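Listing of input_24.cif; format and content: mmCIF, C-alpha atoms and all ligand atoms.
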data_final
loop_
_atom_site.label_atom_id
_atom_site.label_comp_id
_atom_site.auth_asym_id
_atom_site.auth_seq_id
_atom_site.Cartn_x
_atom_site.Cartn_y
_atom_site.Cartn_z
CA MET U 849 123.60 92.32 69.67
CA GLN U 850 124.87 95.85 69.45
CA LYS U 851 125.59 98.31 66.71
CA GLY U 852 127.82 101.38 66.58
CA ASN U 853 131.40 102.08 67.42
CA LEU U 854 131.77 100.18 70.70
CA ARG U 855 134.51 100.93 73.18
CA GLU U 856 136.54 97.82 73.76
CA LYS U 857 139.08 98.35 76.51
CA ALA U 858 138.24 97.63 80.15
CA LYS U 859 136.52 100.59 81.83
CA THR U 860 136.09 101.26 85.51
CA VAL U 861 132.33 101.35 85.97
CA LEU U 862 130.42 102.74 88.93
CA VAL U 863 126.98 101.21 89.45
CA ALA U 864 124.82 103.19 91.86
CA GLY U 865 122.09 100.88 93.13
CA GLY U 866 124.31 97.91 92.25
CA ALA U 867 122.99 95.77 95.12
CA GLY U 868 119.44 95.93 93.79
CA PHE U 869 117.62 93.50 91.55
CA VAL U 870 118.70 94.94 88.17
CA GLY U 871 121.92 96.52 89.47
CA SER U 872 123.35 93.24 90.75
CA HIS U 873 122.77 91.55 87.38
CA LEU U 874 124.44 94.54 85.72
CA CYS U 875 127.46 94.22 88.06
CA ASP U 876 127.70 90.50 87.15
CA ALA U 877 127.59 91.26 83.42
CA LEU U 878 130.16 94.09 83.61
CA LEU U 879 132.58 91.96 85.63
CA ALA U 880 132.09 89.08 83.19
CA ARG U 881 133.18 91.46 80.40
CA GLY U 882 136.32 92.32 82.36
CA HIS U 883 135.33 95.76 83.66
CA PRO U 884 136.23 96.64 87.26
CA VAL U 885 133.02 97.63 89.11
CA ILE U 886 132.46 100.05 92.00
CA CYS U 887 129.04 99.39 93.49
CA VAL U 888 127.52 102.25 95.53
CA ASP U 889 124.43 101.30 97.49
CA SER U 890 122.69 102.27 100.73
CA PHE U 891 120.81 98.93 100.89
CA ILE U 892 117.53 100.78 101.37
CA SER U 893 115.82 98.35 99.00
CA GLY U 894 118.72 96.21 97.79
CA SER U 895 120.13 93.10 99.38
CA ARG U 896 123.56 92.06 100.56
CA ASP U 897 122.81 88.57 99.24
CA ASN U 898 122.69 89.99 95.70
CA VAL U 899 126.34 91.08 95.81
CA ARG U 900 127.75 88.62 98.36
CA PRO U 901 129.13 86.30 95.64
CA LEU U 902 130.99 89.30 94.17
CA THR U 903 132.73 90.47 97.32
CA ASN U 904 135.73 88.20 96.71
CA HIS U 905 136.03 89.22 93.07
CA PRO U 906 139.25 91.25 92.62
CA GLY U 907 137.49 93.67 90.26
CA PHE U 908 134.61 94.44 92.64
CA ARG U 909 134.46 97.18 95.24
CA LEU U 910 131.44 97.96 97.41
CA ILE U 911 130.81 101.41 98.89
CA GLU U 912 127.88 101.61 101.29
CA GLN U 913 126.54 105.11 100.88
CA ASP U 914 123.38 107.06 100.18
CA VAL U 915 123.71 108.87 96.85
CA CYS U 916 121.89 111.87 98.35
CA GLU U 917 125.18 112.53 100.15
CA PHE U 918 128.16 113.97 98.31
CA LEU U 919 130.23 111.23 96.65
CA GLU U 920 133.98 111.20 96.30
CA ILE U 921 135.75 108.41 94.41
CA ASP U 922 139.52 108.25 94.69
CA GLU U 923 140.20 106.41 91.42
CA PRO U 924 139.38 107.20 87.78
CA VAL U 925 135.86 106.24 86.72
CA ASP U 926 134.92 105.81 83.04
CA GLN U 927 131.21 105.06 83.22
CA ILE U 928 128.46 105.64 85.78
CA TYR U 929 125.12 103.83 85.75
CA ASN U 930 122.54 105.39 88.05
CA LEU U 931 120.12 102.69 89.15
CA ALA U 932 119.86 103.96 92.72
CA CYS U 933 116.18 104.31 93.55
CA ALA U 934 113.70 101.94 95.13
CA ALA U 935 111.59 100.75 92.21
CA SER U 936 108.52 99.08 93.69
CA PRO U 937 105.56 101.15 94.94
CA PRO U 938 105.56 99.88 98.57
CA ARG U 939 109.27 100.67 98.87
CA TYR U 940 109.37 104.03 97.14
CA GLN U 941 106.18 105.12 98.94
CA ALA U 942 107.56 104.12 102.36
CA ASP U 943 109.59 107.37 102.41
CA PRO U 944 108.37 109.42 99.44
CA VAL U 945 110.45 112.47 100.32
CA HIS U 946 113.61 110.38 100.33
CA THR U 947 112.57 108.83 97.00
CA MET U 948 112.20 112.26 95.42
CA MET U 949 115.53 113.39 96.92
CA THR U 950 117.22 110.22 95.62
CA CYS U 951 115.96 111.01 92.12
CA VAL U 952 116.89 114.68 92.21
CA ALA U 953 119.78 115.20 94.68
CA GLY U 954 121.15 111.69 94.12
CA THR U 955 121.13 112.03 90.33
CA GLY U 956 122.62 115.53 90.70
CA ASN U 957 125.48 114.17 92.83
CA LEU U 958 126.19 111.35 90.40
CA LEU U 959 126.12 113.71 87.41
CA ALA U 960 128.60 115.96 89.25
CA LEU U 961 130.81 112.92 89.79
CA ALA U 962 130.53 112.04 86.09
CA GLU U 963 131.49 115.58 85.16
CA GLN U 964 134.49 115.48 87.49
CA HIS U 965 135.70 112.13 86.10
CA LYS U 966 134.66 112.84 82.48
CA ALA U 967 132.68 109.60 82.75
CA SER U 968 129.74 108.64 80.55
CA PHE U 969 126.50 108.49 82.51
CA LEU U 970 123.41 106.32 82.11
CA GLN U 971 120.24 107.15 83.99
CA ALA U 972 117.81 104.31 84.73
CA SER U 973 114.55 106.08 84.04
CA THR U 974 111.22 104.35 83.81
CA SER U 975 108.05 103.80 81.81
CA GLU U 976 106.37 105.49 84.81
CA VAL U 977 107.31 108.81 83.20
CA TYR U 978 104.38 108.06 80.84
CA GLY U 979 102.01 107.73 83.84
CA ASP U 980 98.61 106.29 82.87
CA PRO U 981 99.22 106.66 79.13
CA VAL U 982 96.59 107.77 76.66
CA GLU U 983 98.83 106.73 73.75
CA HIS U 984 99.54 103.08 73.14
CA PRO U 985 102.13 101.64 72.75
CA GLN U 986 104.34 104.30 74.31
CA ARG U 987 106.90 105.96 72.09
CA GLU U 988 109.61 108.15 73.56
CA ASP U 989 108.08 111.32 72.14
CA TYR U 990 104.84 110.78 74.11
CA ARG U 991 104.94 113.25 77.01
CA GLY U 992 102.91 111.22 79.47
CA ASN U 993 99.88 111.53 81.71
CA VAL U 994 101.28 111.82 85.22
CA SER U 995 99.76 113.18 88.43
CA CYS U 996 102.23 115.46 90.22
CA THR U 997 100.26 115.27 93.49
CA GLY U 998 99.37 111.56 93.76
CA PRO U 999 101.09 108.87 95.82
CA ARG U 1000 103.24 107.75 92.88
CA ALA U 1001 104.48 111.27 92.12
CA CYS U 1002 107.62 110.96 94.28
CA TYR U 1003 108.80 108.30 91.84
CA ASP U 1004 107.20 109.32 88.51
CA GLU U 1005 107.93 113.02 88.87
CA GLY U 1006 111.27 112.35 90.54
CA LYS U 1007 112.34 110.29 87.54
CA ARG U 1008 111.07 112.99 85.16
CA ALA U 1009 113.12 115.60 87.02
CA ALA U 1010 116.16 113.30 86.89
CA GLU U 1011 115.75 113.02 83.11
CA ALA U 1012 115.57 116.81 82.87
CA LEU U 1013 118.82 117.10 84.85
CA CYS U 1014 120.53 114.62 82.53
CA PHE U 1015 119.47 116.44 79.38
CA ASP U 1016 120.44 119.83 80.83
CA MET U 1017 123.92 118.51 81.66
CA LEU U 1018 124.16 116.96 78.19
CA ARG U 1019 123.03 120.13 76.37
CA ALA U 1020 125.48 122.17 78.43
CA GLY U 1021 128.27 119.85 77.23
CA ARG U 1022 129.11 118.92 80.81
CA VAL U 1023 128.25 115.18 80.86
CA ASP U 1024 127.85 112.49 78.19
CA ALA U 1025 124.46 111.50 79.63
CA ARG U 1026 122.16 108.78 78.30
CA VAL U 1027 118.63 107.93 79.49
CA ALA U 1028 117.00 104.48 79.40
CA ARG U 1029 113.24 104.31 80.02
CA ILE U 1030 112.89 100.87 81.53
CA PHE U 1031 109.61 98.95 81.38
CA ASN U 1032 108.56 96.17 83.81
CA THR U 1033 111.47 93.83 84.32
CA TYR U 1034 111.45 90.51 86.13
CA GLY U 1035 113.79 87.66 86.98
CA PRO U 1036 115.80 86.04 89.76
CA ARG U 1037 116.62 88.33 92.76
CA MET U 1038 113.36 90.25 92.64
CA GLN U 1039 112.31 90.78 96.22
CA ALA U 1040 109.57 88.46 97.43
CA ASN U 1041 107.60 91.17 99.21
CA ASP U 1042 107.95 94.18 96.97
CA GLY U 1043 104.47 94.17 95.51
CA ARG U 1044 105.43 93.66 91.86
CA ILE U 1045 103.08 91.54 89.75
CA VAL U 1046 105.41 88.69 88.81
CA SER U 1047 107.04 88.26 92.22
CA ASN U 1048 103.69 88.57 94.04
CA LEU U 1049 102.02 85.91 91.92
CA ILE U 1050 104.99 83.50 91.99
CA VAL U 1051 105.45 83.77 95.74
CA GLN U 1052 101.72 83.30 96.36
CA ALA U 1053 101.62 80.27 94.05
CA LEU U 1054 104.72 78.70 95.64
CA SER U 1055 103.30 79.30 99.14
CA GLY U 1056 99.89 77.85 98.22
CA LYS U 1057 98.17 81.17 98.90
CA PRO U 1058 95.46 82.69 96.67
CA LEU U 1059 96.86 84.63 93.72
CA THR U 1060 95.86 88.28 94.16
CA ILE U 1061 94.94 90.32 91.14
CA TYR U 1062 94.27 94.03 91.56
CA GLY U 1063 91.42 95.32 89.39
CA SER U 1064 89.77 93.12 86.75
CA GLY U 1065 93.07 91.57 85.64
CA MET U 1066 92.36 92.83 82.12
CA GLN U 1067 94.96 95.59 82.50
CA THR U 1068 98.03 94.80 80.41
CA ARG U 1069 101.73 94.86 81.12
CA SER U 1070 104.85 93.97 79.20
CA PHE U 1071 107.53 91.96 80.97
CA CYS U 1072 111.22 92.05 80.10
CA TYR U 1073 113.58 89.41 81.40
CA VAL U 1074 116.45 90.90 83.38
CA SER U 1075 119.30 89.62 81.16
CA ASP U 1076 117.65 91.24 78.13
CA LEU U 1077 117.37 94.53 79.98
CA VAL U 1078 121.00 94.45 81.15
CA GLY U 1079 122.12 93.88 77.54
CA GLY U 1080 120.09 96.92 76.49
CA LEU U 1081 121.52 99.13 79.25
CA MET U 1082 125.09 98.21 78.29
CA ALA U 1083 124.37 98.74 74.59
CA LEU U 1084 122.96 102.20 75.31
CA MET U 1085 125.93 103.12 77.48
CA ASP U 1086 128.43 101.98 74.84
CA VAL U 1087 126.84 103.11 71.58
CA GLU U 1088 128.44 105.99 69.70
CA PRO U 1089 127.38 108.61 69.01
CA ASN U 1090 125.29 109.42 72.09
CA PRO U 1091 121.63 109.16 70.96
CA ARG U 1092 120.89 112.42 72.89
CA MET U 1093 117.32 111.26 73.49
CA PRO U 1094 115.63 108.81 75.84
CA VAL U 1095 115.45 105.18 74.72
CA ASN U 1096 112.70 102.74 75.74
CA LEU U 1097 113.99 99.36 76.93
CA GLY U 1098 111.38 96.69 77.48
CA ASN U 1099 109.66 93.72 75.95
CA PRO U 1100 106.82 94.71 73.61
CA GLY U 1101 104.93 91.43 74.20
CA GLU U 1102 101.71 92.49 75.97
CA PHE U 1103 99.89 90.25 78.44
CA THR U 1104 96.89 90.80 80.69
CA VAL U 1105 97.56 90.25 84.36
CA ASN U 1106 95.03 87.40 84.19
CA GLU U 1107 97.12 85.68 81.49
CA VAL U 1108 100.28 85.96 83.58
CA ALA U 1109 98.50 84.53 86.62
CA GLU U 1110 97.28 81.59 84.56
CA MET U 1111 100.78 80.95 83.15
CA ILE U 1112 102.24 80.90 86.65
CA ARG U 1113 99.47 78.60 87.90
CA SER U 1114 100.24 76.20 85.08
CA MET U 1115 103.96 76.12 85.99
CA VAL U 1116 103.73 75.80 89.78
CA PRO U 1117 102.06 72.80 91.40
CA THR U 1118 99.47 74.83 93.28
CA ARG U 1119 95.76 74.71 93.95
CA SER U 1120 95.74 78.44 94.64
CA ALA U 1121 92.59 80.25 93.62
CA ILE U 1122 92.66 83.69 92.04
CA ILE U 1123 91.14 86.52 94.08
CA TYR U 1124 90.44 90.06 92.94
CA LYS U 1125 91.07 93.26 94.94
CA PRO U 1126 90.52 96.94 94.09
CA LEU U 1127 93.06 98.61 91.83
CA PRO U 1128 95.41 101.02 93.65
CA LYS U 1129 95.15 104.76 92.85
CA ASP U 1130 96.86 105.92 89.64
CA ASP U 1131 97.64 102.34 88.55
CA PRO U 1132 98.01 102.40 84.74
CA GLN U 1133 95.62 100.33 82.57
CA ARG U 1134 97.99 99.64 79.69
CA ARG U 1135 101.72 99.66 79.33
CA ARG U 1136 103.70 98.48 76.33
CA PRO U 1137 106.93 99.89 74.94
CA ASP U 1138 107.51 100.87 71.36
CA ILE U 1139 111.14 99.78 71.05
CA SER U 1140 111.77 100.91 67.47
CA ARG U 1141 114.31 103.48 68.68
CA ALA U 1142 116.31 100.89 70.64
CA THR U 1143 116.17 98.49 67.71
CA GLU U 1144 117.31 101.17 65.27
CA LEU U 1145 120.03 102.80 67.40
CA LEU U 1146 121.29 99.84 69.42
CA ASP U 1147 120.26 96.88 67.28
CA TRP U 1148 118.72 95.61 70.50
CA GLN U 1149 115.63 93.60 71.17
CA PRO U 1150 114.65 91.18 73.92
CA THR U 1151 115.12 87.50 73.20
CA VAL U 1152 113.87 85.63 76.29
CA PRO U 1153 110.23 84.49 75.95
CA LEU U 1154 107.96 85.08 78.95
CA VAL U 1155 107.42 81.38 79.59
CA GLU U 1156 111.20 80.77 79.77
CA GLY U 1157 111.89 83.81 81.96
CA LEU U 1158 109.03 82.89 84.29
CA GLY U 1159 110.44 79.36 84.55
CA ASN U 1160 113.87 80.70 85.64
CA THR U 1161 112.25 83.10 88.08
CA ILE U 1162 110.01 80.41 89.59
CA ASP U 1163 113.06 78.13 90.01
CA TRP U 1164 114.98 80.92 91.72
CA PHE U 1165 112.13 81.71 94.13
CA ALA U 1166 111.59 78.00 94.81
CA ASN U 1167 115.23 77.81 95.92
CA ASN U 1168 115.17 81.01 97.91
CA LEU U 1169 111.90 80.75 99.82
CA SER U 1170 111.59 78.58 102.91
CA ASP U 1171 108.77 76.52 101.30
CA ARG U 1172 110.31 74.85 98.28
CA PRO U 1173 107.88 73.17 95.91
CA GLN U 1174 109.41 72.68 92.44
CA ARG U 1175 107.81 73.92 89.27
CA ARG U 1176 105.96 71.55 86.97
CA ALA U 1177 108.09 70.00 84.26
CA ALA U 1178 107.39 71.63 80.87
P1 LIG U 1201 115.81 97.83 93.46
O1 LIG U 1201 114.99 98.53 94.50
O2 LIG U 1201 115.96 96.37 93.57
O3 LIG U 1201 117.25 98.47 93.37
C1 LIG U 1201 117.52 99.80 93.65
C2 LIG U 1201 118.84 99.85 94.41
O4 LIG U 1201 119.15 101.21 94.70
C3 LIG U 1201 118.76 99.13 95.76
O5 LIG U 1201 119.89 98.31 95.93
C4 LIG U 1201 118.72 100.26 96.78
O6 LIG U 1201 119.28 99.89 98.03
C5 LIG U 1201 119.52 101.33 96.06
N1 LIG U 1201 119.15 102.69 96.48
C6 LIG U 1201 117.93 103.25 96.54
N2 LIG U 1201 118.00 104.51 96.96
C7 LIG U 1201 119.32 104.76 97.19
C8 LIG U 1201 120.03 105.89 97.66
N3 LIG U 1201 119.41 107.04 97.98
N4 LIG U 1201 121.39 105.78 97.78
C9 LIG U 1201 122.04 104.62 97.46
N5 LIG U 1201 121.40 103.52 97.02
C10 LIG U 1201 120.06 103.60 96.90
O7 LIG U 1201 115.16 98.23 92.05
P2 LIG U 1201 115.43 97.63 90.62
O8 LIG U 1201 114.21 96.93 90.20
O9 LIG U 1201 116.72 96.93 90.59
O10 LIG U 1201 115.51 98.96 89.77
C11 LIG U 1201 116.76 99.56 89.46
C12 LIG U 1201 116.54 100.86 88.73
O11 LIG U 1201 115.81 100.63 87.53
C13 LIG U 1201 115.74 101.87 89.55
O12 LIG U 1201 116.27 103.15 89.35
C14 LIG U 1201 114.36 101.80 88.95
O13 LIG U 1201 113.69 103.04 89.03
C15 LIG U 1201 114.65 101.43 87.50
N6 LIG U 1201 113.53 100.68 86.92
C16 LIG U 1201 113.30 99.39 87.27
C17 LIG U 1201 112.21 98.72 86.72
C18 LIG U 1201 111.92 97.28 87.06
O14 LIG U 1201 110.95 96.74 86.54
N7 LIG U 1201 112.69 96.63 87.90
C19 LIG U 1201 111.36 99.38 85.85
C20 LIG U 1201 111.62 100.71 85.54
C21 LIG U 1201 112.72 101.35 86.07
#
Take the structure in the file and give it back as structure tokens.
Amino acid sequence: MQKGNLREKAKTVLVAGGAGFVGSHLCDALLARGHPVICVDSFISGSRDNVRPLTNHPGFRLIEQDVCEFLEIDEPVDQIYNLACAASPPRYQADPVHTMMTCVAGTGNLLALAEQHKASFLQASTSEVYGDPVEHPQREDYRGNVSCTGPRACYDEGKRAAEALCFDMLRAGRVDARVARIFNTYGPRMQANDGRIVSNLIVQALSGKPLTIYGSGMQTRSFCYVSDLVGGLMALMDVEPNPRMPVNLGNPGEFTVNEVAEMIRSMVPTRSAIIYKPLPKDDPQRRRPDISRATELLDWQPTVPLVEGLGNTIDWFANNLSDRPQRRAA
């Protein structure tokens, strides 16, 4: 559901990071609404499989390029979504300098492209801008508790700098920029080995390996199903007037990691035990979005319950891993 004066005619939409987990679902949804899509991706953390079904679609164009390099697009572009950035800690920490440059130089290049094309721009920011929060749940006016020297800084601080760039371009009247602060999202096409909680636990359960929990498992997370998130991103891009402030997008339901592990164990036929390992440095204890702003401005809220989203995700992994046990019937 969306509120506001929505633009209705087909727009040419550029999705940077469109071969990633979220980006590929966004490309699907935009094409389904009749918008031609230009996907720009370097495949550093995305997958060709995610966009392979789209390559024969007449409205889809794929440009393989790193957004840190200057971008030139030879056709009019109406909207630009910037999702280009590896999102999971093992991937963004593999080359932290490149991650920071993707956030800063990459976002700068895409904003310049938006300015040139007079395109609206949506930045995929993150709940990581709140760091290990001392306020709970996190509202957009909370300024965060982030280490600028730790191993997550390339991502957290990179995304904060990218937000600053967006708001500077907006205040200067140069780009119609919008910023979504995305909280943990899960669903089909997550990468099996990217170290995120849901994918880790599902893959371990499906492979009959012990389910690994870092820390006590009492730390909480909120989990938003990918179709809900994509709806929120599109609503934020399309709403008029521009909110001119960041908007949290996530599911406010809060679960301990232990609860999620138990749900997955109840849905996958596995005898896997749960094992505990030390918590990585700077890992936040609590994370839950306050989505009142999104509800008020976009009339948006997530609708897919965790048990249903986990079921879809388990089914997808069961069909895309070599070992293929099915999930338990509900
Ligand atoms: P992902 O890693 O699956 O997708 C990112 C995509 O960007 C990949 O296809 C990758 O190849 C591409 N990319 C990375 N750096 C690039 C570069 N320099 N040039 C061109 N392409 C590049 O991650 P995702 O989970 O789909 O996340 C998408 C966006 O949403 C990211 O910006 C991420 O920070 C943000 N986000 C995601 C979550 C989540 O839970 N998935 C949470 C908060 C924020």
- Rounded to one decimal in Å, what is the spacing between atom CA of Met1115 of chain U and atom CA of Ile1050 of chain U?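 Interatomic distance, atom CA of Met1115 of chain U to atom CA of Ile1050 of chain U: 9.6 Å.
Residue nearest Ser893 of chain U, chosen from U:Val1078, U:Ala1040, U:Val925, U:Met948 and counting all atoms listed in the file: U:Ala1040.
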- Message: For a quick check of understanding, using only C-alpha atoms, which of U:Phe1031, U:Phe969, U:Phe1165, U:Tyr1073 has the smallest distance to Tyr929 of chain U?
- Response: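 Checking each of U:Phe1031, U:Phe969, U:Phe1165, U:Tyr1073 against Tyr929 of chain U, counting only C-alpha atoms, the winner is U:Phe969.
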- When the cut-off is 7 Å and you count all atoms listed in the file, which residues lie near ligand LIG 1201 (chain U), shown as a PyMOL selection string? chain U and resi 864-871+888-895+913-916+930-936+947+950+954+972-975+1029-1034+1038
Export C-alpha atoms of the chosen residues as a compact mmCIF listing (two decimals), keeping the file's coordinate frame?
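Result file selection-v1.txt:
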# COMPACT_ATOMS: atom_id res chain seq x y z
CA ALA U 864 124.82 103.19 91.86
CA GLY U 865 122.09 100.88 93.13
CA GLY U 866 124.31 97.91 92.25
CA ALA U 867 122.99 95.77 95.12
CA GLY U 868 119.44 95.93 93.79
CA PHE U 869 117.62 93.50 91.55
CA VAL U 870 118.70 94.94 88.17
CA GLY U 871 121.92 96.52 89.47
CA VAL U 888 127.52 102.25 95.53
CA ASP U 889 124.43 101.30 97.49
CA SER U 890 122.69 102.27 100.73
CA PHE U 891 120.81 98.93 100.89
CA ILE U 892 117.53 100.78 101.37
CA SER U 893 115.82 98.35 99.00
CA GLY U 894 118.72 96.21 97.79
CA SER U 895 120.13 93.10 99.38
CA GLN U 913 126.54 105.11 100.88
CA ASP U 914 123.38 107.06 100.18
CA VAL U 915 123.71 108.87 96.85
CA CYS U 916 121.89 111.87 98.35
CA ASN U 930 122.54 105.39 88.05
CA LEU U 931 120.12 102.69 89.15
CA ALA U 932 119.86 103.96 92.72
CA CYS U 933 116.18 104.31 93.55
CA ALA U 934 113.70 101.94 95.13
CA ALA U 935 111.59 100.75 92.21
CA SER U 936 108.52 99.08 93.69
CA THR U 947 112.57 108.83 97.00
CA THR U 950 117.22 110.22 95.62
CA GLY U 954 121.15 111.69 94.12
CA ALA U 972 117.81 104.31 84.73
CA SER U 973 114.55 106.08 84.04
CA THR U 974 111.22 104.35 83.81
CA SER U 975 108.05 103.80 81.81
CA ARG U 1029 113.24 104.31 80.02
CA ILE U 1030 112.89 100.87 81.53
CA PHE U 1031 109.61 98.95 81.38
CA ASN U 1032 108.56 96.17 83.81
CA THR U 1033 111.47 93.83 84.32
CA TYR U 1034 111.45 90.51 86.13
CA MET U 1038 113.36 90.25 92.64
- Query: For Ser968 of chain U, which residue among U:Glu1005, U:Asp1024, U:Glu1107, U:Asp876 is the nearest when counting all atoms listed in the file?
  - Reply: U:Asp1024
- Task: Return the single residue from U:Cys875, U:Ile1123, U:Ala962, U:Ala858 that is closest to Ser1064 of chain U, with distances computed using all atoms listed in the file.
- Result: U:Ile1123
- Task: Find the spatial neighbours of Val952 of chain U, counting only C-alpha atoms, within a cut-off of 12 Å - ignore same-chain residues fewer than 5 positions away - and output them as number ranges by chain.
- Result: U: 915-917, 930, 932-933, 945-947, 957-959, 971, 1002-1014
- Query: What separation in Å, quoted to one decimal, exists between atom CA of Asn1099 of chain U and atom CA of Arg1136 of chain U?
  - Reply: 7.6 Å
- Query: So how far away is atom CA of Ala1121 of chain U from atom CA of Trp1164 of chain U, in Å?
  - Reply: 22.5 Å
- So which residues touch Gly998 of chain U within 12 Å, counting all atoms listed in the file, skipping near sequence neighbours fewer than 2 positions away, as an MDAnalysis selection string? chainID U and resid 941 944 979 994:996 1000:1005 1128:1131
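Of the residues under consideration (U:Gly956, U:Gly992, U:Pro1126, U:Pro1036), U:Gly956 shows the shortest atom-to-atom contact distance to Val1023 of chain U when counting only C-alpha atoms.
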- Neighbourhood query: residues within 10 Å of (102.1, 95.0, 71.7), file coordinates, counting all atoms listed in the file; return as a ChimeraX atom specification. /U:984-986,1068-1070,1099-1103,1135-1138
Taking all listed atoms of segment 890-898 of chain U, build the axis-aligned box, pad each of the six sides by 4 Å, then write its centre and edge lengths in Å to one decimal as AutoDock Vina command-line options.
--center_x 119.7 --center_y 95.4 --center_z 98.5 --size_x 15.7 --size_y 21.7 --size_z 13.7
